[in-house]
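Data block below; observations after.
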Amino acid sequence: MRKLLYPLYLLFLSGLFSCQQTTPLNQRNLEELSVCQKKMVHNFHILDSMQLLGQFDPNKSDDFIEDVLSFYNKYPEEQITPALLDNAALVSMSLAMYYKDMHPEDGKLKTKYAKQALNIFNKILKVYPDYSRSALIAYQKGVIYDNILEDYAKAETEYRKFIHKKPHDSLAINISNYLPYIGKSTKEIMDSIHVQQMHQDTGH
């Protein structure tokens, strides 16, 4: 399923750039808001540049998540807030994948960041039910359960939510084709495909 995983850092460009459309705060809070936004944008550009170079910094990623959660606590009604939370969840997914792939012996950290991402996604769905990317969150949760936590029943549930919301989306079509093989090893998938081909050849 990893081929279906979006490039995470590309996904939250739109959220950060939408900062220009944020409804202005009271003058006394405007300066603090500006400082918070600049810090998050700065951290994002560092993460993005490192990603392009094939590098990853867990500490800077953690800083970004903490900054976004702090921003949410202070400015929950800002227009940019749900997009920033989405970004933080995606970075948390990256951290979970990092610890799974690079430090498989440290399963606690993989689980910690996977659950953190799920919690942030759930927060978005609860607090911002009209968020424009809410349908895609179901897909992203499916990826966490599928690729990171290996809870395939929950992964299928989330994938089907996305398919239901976006039935004609090309990603939904890809997921529909993938679901019969979810949780199976490469050998099991190849064996299944071989059996299907045999049935087609024999007309059964």
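Ordered as shown in the structure tokens, chains take letters A, B, and onward, while each chain numbers its residues from 1 and ligands are numbered from 1 in the order shown.
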### Message
What parts of chain A does DSSP call alpha helix (DSSP H)? I'd like the answer as JSON, numbers by chain.
### Response
{"A": [8, 9, 10, 11, 13, 14, 15, 16, 17, 27, 28, 29, 30, 31, 32, 33, 34, 35, 36, 37, 38, 39, 40, 41, 42, 43, 44, 45, 46, 47, 48, 49, 50, 51, 52, 58, 59, 60, 61, 62, 63, 64, 65, 66, 67, 68, 69, 70, 71, 72, 73, 74, 81, 82, 83, 84, 85, 86, 87, 88, 89, 90, 91, 92, 93, 94, 95, 96, 97, 98, 99, 100, 101, 102, 107, 108, 109, 110, 111, 112, 113, 114, 115, 116, 117, 118, 119, 120, 121, 122, 123, 124, 125, 126, 127, 134, 135, 136, 137, 138, 139, 140, 141, 142, 143, 152, 153, 154, 155, 156, 157, 158, 159, 160, 161, 162, 163, 164, 165, 170, 171, 172, 173, 174, 175, 176, 177, 178, 186, 187, 188, 189, 190, 191, 192, 193, 194, 195, 196, 197, 198, 199, 200, 201, 202]}
#### Entry: Option closest in space to Asn73 of chain A, from A:Lys38, A:Leu85, A:Leu179, A:Ile137 [counting only C-alpha atoms]
A:Leu85
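Between Gln55 of chain A and the candidates A:Ser94, A:Gln197, A:Ser176, A:Gln140, the tightest atom-to-atom separation, counting only C-alpha atoms, involves A:Ser94.
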Just the residues within 12 Å of Glu150 of chain A, please, counting only C-alpha atoms, with nothing from its chain fewer than 6 positions along; format it as a compact mmCIF listing (two decimals) with N, CA and C atoms, in the first residue's frame.
```
# COMPACT_ATOMS: atom_id res chain seq x y z
N MET A 1 0.83 -1.21 0.00
CA MET A 1 0.00 0.00 0.00
C MET A 1 0.85 1.25 0.00
N LYS A 100 9.61 3.22 12.23
CA LYS A 100 9.33 1.86 11.77
C LYS A 100 10.42 1.36 10.82
N LYS A 110 7.34 4.29 17.25
CA LYS A 110 6.50 4.13 16.05
C LYS A 110 5.03 4.22 16.44
N THR A 111 4.65 3.50 17.48
CA THR A 111 3.26 3.50 17.92
C THR A 111 2.84 4.86 18.47
N ALA A 114 2.24 7.23 15.54
CA ALA A 114 1.08 6.79 14.77
C ALA A 114 -0.21 7.18 15.50
N LYS A 141 -5.83 7.92 7.66
CA LYS A 141 -5.96 7.04 8.82
C LYS A 141 -5.82 5.58 8.39
N GLY A 142 -6.36 5.26 7.22
CA GLY A 142 -6.21 3.90 6.70
C GLY A 142 -4.76 3.54 6.49
N VAL A 143 -3.98 4.48 5.97
CA VAL A 143 -2.55 4.24 5.75
C VAL A 143 -1.84 3.97 7.08
N ILE A 144 -2.20 4.72 8.11
CA ILE A 144 -1.57 4.50 9.43
C ILE A 144 -1.86 3.10 9.93
N GLU A 156 -9.05 -1.26 6.64
CA GLU A 156 -10.09 -1.46 5.63
C GLU A 156 -11.31 -0.59 5.92
N ILE A 182 -5.24 -6.65 1.11
CA ILE A 182 -4.77 -5.96 2.30
C ILE A 182 -4.31 -6.96 3.36
N GLY A 183 -3.15 -6.71 3.92
CA GLY A 183 -2.60 -7.57 4.97
C GLY A 183 -1.90 -8.81 4.48
N LYS A 184 -1.90 -9.04 3.17
CA LYS A 184 -1.27 -10.24 2.62
C LYS A 184 0.19 -9.98 2.28
```
### Shell around Asp57 of chain A at 9 Å using only C-alpha atoms, local window under 5 positions removed, as a ChimeraX atom specification
/A:47,50,62,95
Create the file for the chosen residues now, containing N, CA and C atoms and written as a short mmCIF file (atom, residue, chain, number, x, y, z; two decimals), in the first residue's frame.
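Dumped to selection-v1.cif:
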```cif
data_model
loop_
_atom_site.label_atom_id
_atom_site.label_comp_id
_atom_site.auth_asym_id
_atom_site.auth_seq_id
_atom_site.Cartn_x
_atom_site.Cartn_y
_atom_site.Cartn_z
N LEU A 47 12.05 21.46 7.10
CA LEU A 47 11.64 20.07 6.90
C LEU A 47 11.51 19.74 5.41
N MET A 50 14.91 19.44 3.70
CA MET A 50 15.56 18.18 4.07
C MET A 50 14.90 17.00 3.37
N ASP A 62 9.29 17.08 15.45
CA ASP A 62 8.61 17.19 16.74
C ASP A 62 8.31 18.65 17.08
N LEU A 95 7.06 10.69 11.13
CA LEU A 95 7.87 10.24 12.27
C LEU A 95 7.61 8.76 12.55
#
```
Just want the 9 Å neighbourhood of Phe121 of chain A, counted on only C-alpha atoms, with same-chain residues fewer than 3 positions away dropped. Output as a short mmCIF file (atom, residue, chain, number, x, y, z; two decimals) with C-alpha atoms, in the first residue's frame.
```cif
data_model
loop_
_atom_site.label_atom_id
_atom_site.label_comp_id
_atom_site.auth_asym_id
_atom_site.auth_seq_id
_atom_site.Cartn_x
_atom_site.Cartn_y
_atom_site.Cartn_z
CA LEU A 85 -3.43 20.40 12.31
CA ASP A 86 -3.63 18.33 9.14
CA ALA A 89 -0.73 14.86 11.64
CA GLN A 116 -0.57 10.96 17.79
CA ALA A 117 -1.38 11.34 14.09
CA LEU A 118 -4.68 9.50 14.56
CA ILE A 124 -9.95 17.79 13.00
CA LEU A 125 -13.01 15.68 12.18
CA LYS A 126 -14.63 16.50 15.52
CA SER A 134 -11.98 15.64 5.70
CA ILE A 137 -8.34 12.06 6.34
CA ALA A 138 -10.09 8.68 6.21
CA GLN A 140 -4.65 8.85 5.74
CA LYS A 141 -5.96 7.04 8.82
#
```
